[in-house]
Amino acid sequence: MTTLLADSRDTLFQPVAGVMTRQDWERLYAGDIEAILRLKREKNAVILAHNYQTPEIFHCVSDIRGDSLALAREACDLDADIIVMAGVHFMAETAKLLNPAKKVLIPDTQAGCSLAEGITADNVRALKAAYPGVPVVTYVNSTAAVKAETDICCTSGNAKKVVESLGVPRVIMIPDEFLAKNIEAETGIEMITWPAHCEVHERFTPEEIRQYRRIHRGVVVIAHPECPPEVVVEADFSGSTAQMIDWIARERPEKVLLVTECSMSDNLSLLYPDTRFVRPCNLCPHMKRITLAGIRKSLETLQTEVTIPVEFQEPARRAVERMLAV
Ligand code: SF4
C-alpha cells in the first residue's frame, strides 16, 4: 500500500486546519483518508457529500458536495462506476434512481431521516383518494415507494419554483408539514399537509432565536425552511443549505447564525474565515452515522449496495426528473 507524501498530507489537512489540530487529524483521520483516496482511484468511485457531513468527510475525501438538489443533479453526469453516498438513505436512493446502471453504496443503512420515515405509500394513496385531482408534490426526503406515488418532487431549494410551476391553487405537499406551510406563506398556494417533521429543525424555537439575537448583537439569522414557520418569521433570510451558502458568499456578514444542522457552520467557517458563525447545535443523528471508517469499509467491501424495487423505479424516477426539468 502506498502512503501519502508529507506535502500531500499538508494539502489535505489545510482545508480543515481551522476546526481541528494537525495532531488530531493525523491520529483520528489521516489513515482512513489515505485509504479512501486510494480506493476511489482503484475502483473508479466518487463520493457525494451532503452539506451536513463532518469537515473531515466534506473537505478531505468528497468529490461532489452540496444540498440534496445539487447532489441529485450532479449524480446524473457521473462517469464513475461506483457512487458512495455520504448522506442519508433517501439521498442514496435518489442517486440510484438517476444512475440505475451504477453501483450506489451507503456506508450505513441505518442512516435514515425522520421525514422519509414519517409517511408511507399507503398514506399518500389515502391523501390522493381524499383530494382527487390535487397534484402531489413530494419533498425528496422520502422513500422511493412514496416518490412513486407522486406527480413531482421538490427540494427545499426549489420547492417554491416547483409548486408555482404547477399553476394550481392547491397542492398536496408531503411529507414535511413545516416546509409546506413556509411555501404556502411565500406563494399563497394552499397546501394540504402531512404531519411529519425534521427532528433536527423542529427543535428550534422563536424564543431561542430571540435569545441569540440578545446575546449576539447584530447577528444575521438564516433559517432552513424545515424549521417551524414561527421560527422562519424570526429569521432575516430562509433558504436551503445551498441558498444559505450563496447568501453568505454574496453578503459576507460579520456574524451569522445558521438555524440548521451543526456541521453546516463548521464546513462554512472554513470557507469564510472572516465571518463569525454563532452555532446553535442540533445534530442530525442519521447524518452522523456516516464516518470516514464507514466510507472506507464501504469501498473495501462494496457494501451496502442500494437497490430499488422494480415497481417503484420508473414512477419514482419520473417524479425526480420532472423536478429537475423545472
Ligand atoms: S437533518 Fe432532518 S431532514 Fe435532514 S436527514 Fe436529518 S432528520 Fe432528515
# chains A, B, ... in the order shown; residues from 1 in each chain; ligands from 1
call {"tool": "residues_around", "arguments": {"residues": "Arg279 in chain A", "least_positions_apart": "2", "cutoff": "7 Å", "atoms": "only C-alpha atoms", "output": "MDAnalysis selection string"}}
result
chainID A and resid 257 262 265 277 281
call {"tool": "write_last_selection", "arguments": {"atoms": "N, CA, C and O atoms", "output": "short mmCIF file (atom, residue, chain, number, x, y, z; two decimals), in the first residue's frame"}}
result
data_model
loop_
_atom_site.label_atom_id
_atom_site.label_comp_id
_atom_site.auth_asym_id
_atom_site.auth_seq_id
_atom_site.Cartn_x
_atom_site.Cartn_y
_atom_site.Cartn_z
N LEU A 257 -25.95 33.40 12.23
CA LEU A 257 -26.49 32.24 12.96
C LEU A 257 -27.23 31.39 11.93
O LEU A 257 -28.20 31.84 11.33
N CYS A 262 -25.62 21.28 12.81
CA CYS A 262 -24.33 21.88 13.26
C CYS A 262 -23.18 21.87 12.25
O CYS A 262 -22.44 22.85 12.17
N SER A 265 -22.24 24.88 9.84
CA SER A 265 -21.45 26.03 10.30
C SER A 265 -19.97 25.68 10.30
O SER A 265 -19.12 26.50 9.92
N PHE A 277 -19.34 32.46 12.91
CA PHE A 277 -20.53 31.60 12.92
C PHE A 277 -20.95 31.32 14.36
O PHE A 277 -20.20 30.71 15.12
N CYS A 281 -26.52 24.34 18.27
CA CYS A 281 -26.12 23.00 17.83
C CYS A 281 -27.21 21.94 17.92
O CYS A 281 -27.52 21.43 18.98
#
call {"tool": "residues_near_ligand", "arguments": {"ligand": "ligand 1", "cutoff": "6 Å", "atoms": "only C-alpha atoms and all ligand atoms", "output": "list in words"}}
result
Val88, Cys113, Ser114, Leu115, Cys198, Glu199, Val200, Cys284 and His286 of chain A
call {"tool": "residues_around", "arguments": {"residues": "range 93-106 of chain A", "least_positions_apart": "3", "cutoff": "8 Å", "atoms": "only C-alpha atoms", "output": "PyMOL selection string"}}
result
chain A and resi 71-72+75-76+80-90+109+140+143-144+298+302-308+313+316-317+320
call {"tool": "write_last_selection", "arguments": {"atoms": "N, CA, C and O atoms", "output": "tab-separated table (two decimals), in the first residue's frame"}}
result
chain	number	residue	atom	x	y	z
A	71	LEU	N	-26.73	17.39	-5.25
A	71	LEU	CA	-26.26	16.00	-5.34
A	71	LEU	C	-27.08	15.23	-6.38
A	71	LEU	O	-26.54	14.45	-7.16
A	72	ALA	N	-28.40	15.49	-6.40
A	72	ALA	CA	-29.25	14.80	-7.39
A	72	ALA	C	-28.84	15.20	-8.81
A	72	ALA	O	-28.75	14.35	-9.70
A	75	ALA	N	-25.32	13.83	-9.72
A	75	ALA	CA	-25.32	12.37	-9.86
A	75	ALA	C	-25.60	11.95	-11.31
A	75	ALA	O	-25.13	10.92	-11.77
A	76	CYS	N	-26.37	12.81	-12.03
A	76	CYS	CA	-26.75	12.46	-13.42
A	76	CYS	C	-25.54	12.41	-14.36
A	76	CYS	O	-25.57	11.71	-15.36
A	80	ALA	N	-18.28	7.69	-13.10
A	80	ALA	CA	-17.66	6.70	-12.20
A	80	ALA	C	-18.48	5.41	-12.23
A	80	ALA	O	-19.65	5.42	-12.61
A	81	ASP	N	-17.85	4.31	-11.80
A	81	ASP	CA	-18.59	3.04	-11.72
A	81	ASP	C	-19.35	2.92	-10.41
A	81	ASP	O	-20.35	2.23	-10.32
A	82	ILE	N	-18.80	3.59	-9.38
A	82	ILE	CA	-19.37	3.46	-8.04
A	82	ILE	C	-19.62	4.84	-7.44
A	82	ILE	O	-18.78	5.74	-7.57
A	83	ILE	N	-20.79	4.98	-6.83
A	83	ILE	CA	-21.11	6.22	-6.12
A	83	ILE	C	-21.26	5.86	-4.64
A	83	ILE	O	-22.04	4.96	-4.30
A	84	VAL	N	-20.52	6.54	-3.79
A	84	VAL	CA	-20.71	6.35	-2.35
A	84	VAL	C	-21.43	7.58	-1.83
A	84	VAL	O	-20.99	8.72	-2.05
A	85	MET	N	-22.57	7.37	-1.17
A	85	MET	CA	-23.34	8.49	-0.65
A	85	MET	C	-22.95	8.77	0.79
A	85	MET	O	-23.23	7.97	1.69
A	86	ALA	N	-22.28	9.89	0.99
A	86	ALA	CA	-22.03	10.35	2.36
A	86	ALA	C	-23.20	11.26	2.70
A	86	ALA	O	-23.13	12.49	2.60
A	87	GLY	N	-24.27	10.62	3.05
A	87	GLY	CA	-25.53	11.31	3.33
A	87	GLY	C	-26.48	10.25	3.84
A	87	GLY	O	-26.04	9.18	4.29
A	88	VAL	N	-27.77	10.51	3.75
A	88	VAL	CA	-28.72	9.54	4.30
A	88	VAL	C	-29.36	8.70	3.19
A	88	VAL	O	-29.15	8.96	2.00
A	89	HIS	N	-30.14	7.71	3.61
A	89	HIS	CA	-30.57	6.67	2.69
A	89	HIS	C	-31.37	7.22	1.51
A	89	HIS	O	-31.16	6.79	0.36
A	90	PHE	N	-32.29	8.19	1.76
A	90	PHE	CA	-33.10	8.65	0.63
A	90	PHE	C	-32.23	9.33	-0.44
A	90	PHE	O	-32.55	9.30	-1.63
A	109	THR	N	-26.64	1.63	6.52
A	109	THR	CA	-28.04	1.54	6.08
A	109	THR	C	-29.01	2.13	7.10
A	109	THR	O	-30.18	2.34	6.79
A	140	VAL	N	-37.93	15.59	-1.61
A	140	VAL	CA	-37.03	14.45	-1.89
A	140	VAL	C	-36.68	13.65	-0.64
A	140	VAL	O	-36.25	12.51	-0.74
A	143	THR	N	-39.06	8.11	0.72
A	143	THR	CA	-38.60	6.85	0.12
A	143	THR	C	-38.99	6.78	-1.36
A	143	THR	O	-39.89	7.51	-1.81
A	144	ALA	N	-38.37	5.87	-2.08
A	144	ALA	CA	-38.72	5.68	-3.50
A	144	ALA	C	-40.18	5.24	-3.62
A	144	ALA	O	-40.87	5.61	-4.58
A	298	SER	N	-16.98	0.62	3.32
A	298	SER	CA	-17.92	0.51	2.21
A	298	SER	C	-17.18	0.33	0.89
A	298	SER	O	-17.56	-0.51	0.05
A	302	LEU	N	-17.54	-3.04	-0.84
A	302	LEU	CA	-18.61	-2.69	-1.79
A	302	LEU	C	-19.99	-2.96	-1.17
A	302	LEU	O	-20.92	-3.43	-1.83
A	303	GLN	N	-20.11	-2.64	0.08
A	303	GLN	CA	-21.37	-2.77	0.82
A	303	GLN	C	-21.76	-1.42	1.38
A	303	GLN	O	-20.87	-0.64	1.71
A	304	THR	N	-22.95	-1.07	1.61
A	304	THR	CA	-24.11	-1.82	1.23
A	304	THR	C	-24.70	-1.20	-0.03
A	304	THR	O	-24.87	0.03	-0.09
A	305	GLU	N	-24.98	-2.04	-1.00
A	305	GLU	CA	-25.50	-1.52	-2.26
A	305	GLU	C	-26.97	-1.16	-2.11
A	305	GLU	O	-27.76	-1.91	-1.53
A	306	VAL	N	-27.33	0.01	-2.65
A	306	VAL	CA	-28.72	0.46	-2.58
A	306	VAL	C	-29.46	-0.06	-3.80
A	306	VAL	O	-29.01	0.11	-4.94
A	307	THR	N	-30.59	-0.72	-3.55
A	307	THR	CA	-31.41	-1.19	-4.67
A	307	THR	C	-32.83	-0.65	-4.48
A	307	THR	O	-33.25	-0.36	-3.35
A	308	ILE	N	-33.53	-0.54	-5.58
A	308	ILE	CA	-34.90	-0.02	-5.52
A	308	ILE	C	-35.82	-1.05	-6.17
A	308	ILE	O	-35.56	-1.48	-7.30
A	313	GLN	N	-39.28	1.95	-9.57
A	313	GLN	CA	-38.20	2.64	-10.27
A	313	GLN	C	-38.69	3.69	-11.26
A	313	GLN	O	-38.31	4.85	-11.19
A	316	ALA	N	-40.96	6.64	-9.69
A	316	ALA	CA	-40.19	7.49	-8.78
A	316	ALA	C	-39.19	8.33	-9.59
A	316	ALA	O	-39.01	9.52	-9.34
A	317	ARG	N	-38.55	7.71	-10.58
A	317	ARG	CA	-37.58	8.44	-11.41
A	317	ARG	C	-38.29	9.58	-12.16
A	317	ARG	O	-37.78	10.69	-12.26
A	320	VAL	N	-38.75	12.57	-9.96
A	320	VAL	CA	-37.49	13.31	-9.72
A	320	VAL	C	-37.08	14.05	-11.00
A	320	VAL	O	-36.69	15.22	-10.95
call {"tool": "atom_distance", "arguments": {"atom1": "CA of Asp79 in chain A", "atom2": "CA of Asp67 in chain A"}}
result
20.4 Å
call {"tool": "residues_around", "arguments": {"residues": "Ser240 in chain A", "least_positions_apart": "3", "cutoff": "6 Å", "atoms": "only C-alpha atoms", "output": "PyMOL selection string"}}
result
chain A and resi 156-157+224+243
call {"tool": "closest_residue", "arguments": {"among": "A:Phe204, A:Leu48, A:Gly133, A:Glu254", "to": "Ala70 in chain A", "atoms": "only C-alpha atoms"}}
result
A:Leu48
call {"tool": "atom_distance", "arguments": {"atom1": "CA of Pro169 in chain A", "atom2": "CA of Asp151 in chain A"}}
result
15.6 Å
call {"tool": "atom_distance", "arguments": {"atom1": "CA of Pro285 in chain A", "atom2": "CA of Asp108 in chain A"}}
result
12.0 Å
call {"tool": "residues_around", "arguments": {"residues": "Thr260 in chain A", "least_positions_apart": "2", "cutoff": "12 Å", "atoms": "only C-alpha atoms", "output": "PyMOL selection string"}}
result
chain A and resi 51-52+198-205+209+221-228+231-232+235+238-241+244+256-258+262-266+278-284
call {"tool": "select_by_dssp", "arguments": {"residues": "range 220-289 of chain A", "states": "alpha helix (DSSP H)", "output": "ChimeraX atom specification"}}
result
/A:229-232,241-251,262-271
call {"tool": "closest_atom_pairs", "arguments": {"of": "range 57-86 of chain A", "to": "range 30-38 of chain A", "cutoff": "12 Å", "atoms": "only C-alpha atoms", "output": "JSON lines"}}
result
{"residue": "A:Ile57", "atom": "CA", "partner": "A:Ile33", "partner_atom": "CA", "distance": 8.5}
{"residue": "A:Phe58", "atom": "CA", "partner": "A:Ile33", "partner_atom": "CA", "distance": 11.4}
{"residue": "A:His59", "atom": "CA", "partner": "A:Ile33", "partner_atom": "CA", "distance": 10.6}
{"residue": "A:Cys60", "atom": "CA", "partner": "A:Ile33", "partner_atom": "CA", "distance": 7.0}
{"residue": "A:Val61", "atom": "CA", "partner": "A:Ile33", "partner_atom": "CA", "distance": 6.5}
{"residue": "A:Ser62", "atom": "CA", "partner": "A:Leu37", "partner_atom": "CA", "distance": 9.4}
{"residue": "A:Asp63", "atom": "CA", "partner": "A:Leu37", "partner_atom": "CA", "distance": 10.4}
{"residue": "A:Val84", "atom": "CA", "partner": "A:Ile36", "partner_atom": "CA", "distance": 11.0}
call {"tool": "closest_residue", "arguments": {"among": "A:Ala185, A:Val326, A:Ala92, A:Met191", "to": "Ser142 in chain A", "atoms": "only C-alpha atoms"}}
result
A:Ala92
call {"tool": "select_by_dssp", "arguments": {"residues": "range 64-128 of chain A", "states": "strand (DSSP E or B)", "output": "list in words"}}
result
Ile64, Arg65, Gly66, Ile82, Ile83, Val84, Met85, Ala86, Lys103, Val104 and Leu105 of chain A
call {"tool": "closest_residue", "arguments": {"among": "A:Lys160, A:Pro175, A:Ala49, A:Leu39", "to": "Lys297 in chain A", "atoms": "only C-alpha atoms"}}
result
A:Leu39
call {"tool": "residues_around", "arguments": {"residues": "Glu230 in chain A", "least_positions_apart": "3", "cutoff": "7 Å", "atoms": "only C-alpha atoms", "output": "MDAnalysis selection string"}}
result
chainID A and resid 206 233:234
call {"tool": "residues_around", "arguments": {"residues": "Lys181 in chain A", "least_positions_apart": "2", "cutoff": "9 Å", "atoms": "only C-alpha atoms", "output": "JSON, numbers by chain"}}
result
{"A": [176, 177, 178, 179, 183, 184, 185, 186, 190, 191, 193, 228, 229]}
call {"tool": "write_last_selection", "arguments": {"atoms": "N, CA and C atoms", "output": "PDB file, in the first residue's frame"}}
result
ATOM      1  N   ASP A 176     -43.115  17.010   4.643  1.00  0.00           N
ATOM      2  CA  ASP A 176     -42.716  17.994   5.657  1.00  0.00           C
ATOM      3  C   ASP A 176     -43.782  19.084   5.821  1.00  0.00           C
ATOM      4  N   GLU A 177     -44.482  19.019   6.935  1.00  0.00           N
ATOM      5  CA  GLU A 177     -45.545  19.993   7.209  1.00  0.00           C
ATOM      6  C   GLU A 177     -44.991  21.426   7.257  1.00  0.00           C
ATOM      7  N   PHE A 178     -43.820  21.594   7.863  1.00  0.00           N
ATOM      8  CA  PHE A 178     -43.300  22.953   8.033  1.00  0.00           C
ATOM      9  C   PHE A 178     -42.831  23.536   6.696  1.00  0.00           C
ATOM     10  N   LEU A 179     -42.154  22.724   5.891  1.00  0.00           N
ATOM     11  CA  LEU A 179     -41.745  23.214   4.574  1.00  0.00           C
ATOM     12  C   LEU A 179     -42.986  23.636   3.789  1.00  0.00           C
ATOM     13  N   ILE A 183     -43.816  27.364   2.423  1.00  0.00           N
ATOM     14  CA  ILE A 183     -44.016  27.630   0.997  1.00  0.00           C
ATOM     15  C   ILE A 183     -45.406  28.226   0.764  1.00  0.00           C
ATOM     16  N   GLU A 184     -46.367  27.773   1.541  1.00  0.00           N
ATOM     17  CA  GLU A 184     -47.715  28.351   1.444  1.00  0.00           C
ATOM     18  C   GLU A 184     -47.659  29.853   1.766  1.00  0.00           C
ATOM     19  N   ALA A 185     -46.901  30.201   2.816  1.00  0.00           N
ATOM     20  CA  ALA A 185     -46.791  31.622   3.198  1.00  0.00           C
ATOM     21  C   ALA A 185     -46.120  32.437   2.092  1.00  0.00           C
ATOM     22  N   GLU A 186     -45.171  31.819   1.395  1.00  0.00           N
ATOM     23  CA  GLU A 186     -44.438  32.542   0.337  1.00  0.00           C
ATOM     24  C   GLU A 186     -45.232  32.683  -0.946  1.00  0.00           C
ATOM     25  N   GLU A 190     -52.535  27.130  -1.570  1.00  0.00           N
ATOM     26  CA  GLU A 190     -52.992  26.346  -0.414  1.00  0.00           C
ATOM     27  C   GLU A 190     -52.312  24.975  -0.382  1.00  0.00           C
ATOM     28  N   MET A 191     -51.852  24.602   0.792  1.00  0.00           N
ATOM     29  CA  MET A 191     -51.156  23.325   0.948  1.00  0.00           C
ATOM     30  C   MET A 191     -51.974  22.356   1.789  1.00  0.00           C
ATOM     31  N   THR A 193     -51.291  19.297   3.922  1.00  0.00           N
ATOM     32  CA  THR A 193     -50.015  18.868   4.501  1.00  0.00           C
ATOM     33  C   THR A 193     -50.114  17.522   5.197  1.00  0.00           C
ATOM     34  N   PRO A 228     -40.014  25.294  11.956  1.00  0.00           N
ATOM     35  CA  PRO A 228     -41.406  25.727  12.084  1.00  0.00           C
ATOM     36  C   PRO A 228     -41.585  27.147  11.545  1.00  0.00           C
ATOM     37  N   PRO A 229     -42.756  27.449  10.955  1.00  0.00           N
ATOM     38  CA  PRO A 229     -42.984  28.790  10.391  1.00  0.00           C
ATOM     39  C   PRO A 229     -42.716  29.915  11.379  1.00  0.00           C
TER      40      PRO A 229
END
call {"tool": "closest_residue", "arguments": {"among": "A:Lys43, A:Arg296, A:Gly66, A:Glu311", "to": "Val146 in chain A", "atoms": "only C-alpha atoms"}}
result
A:Glu311
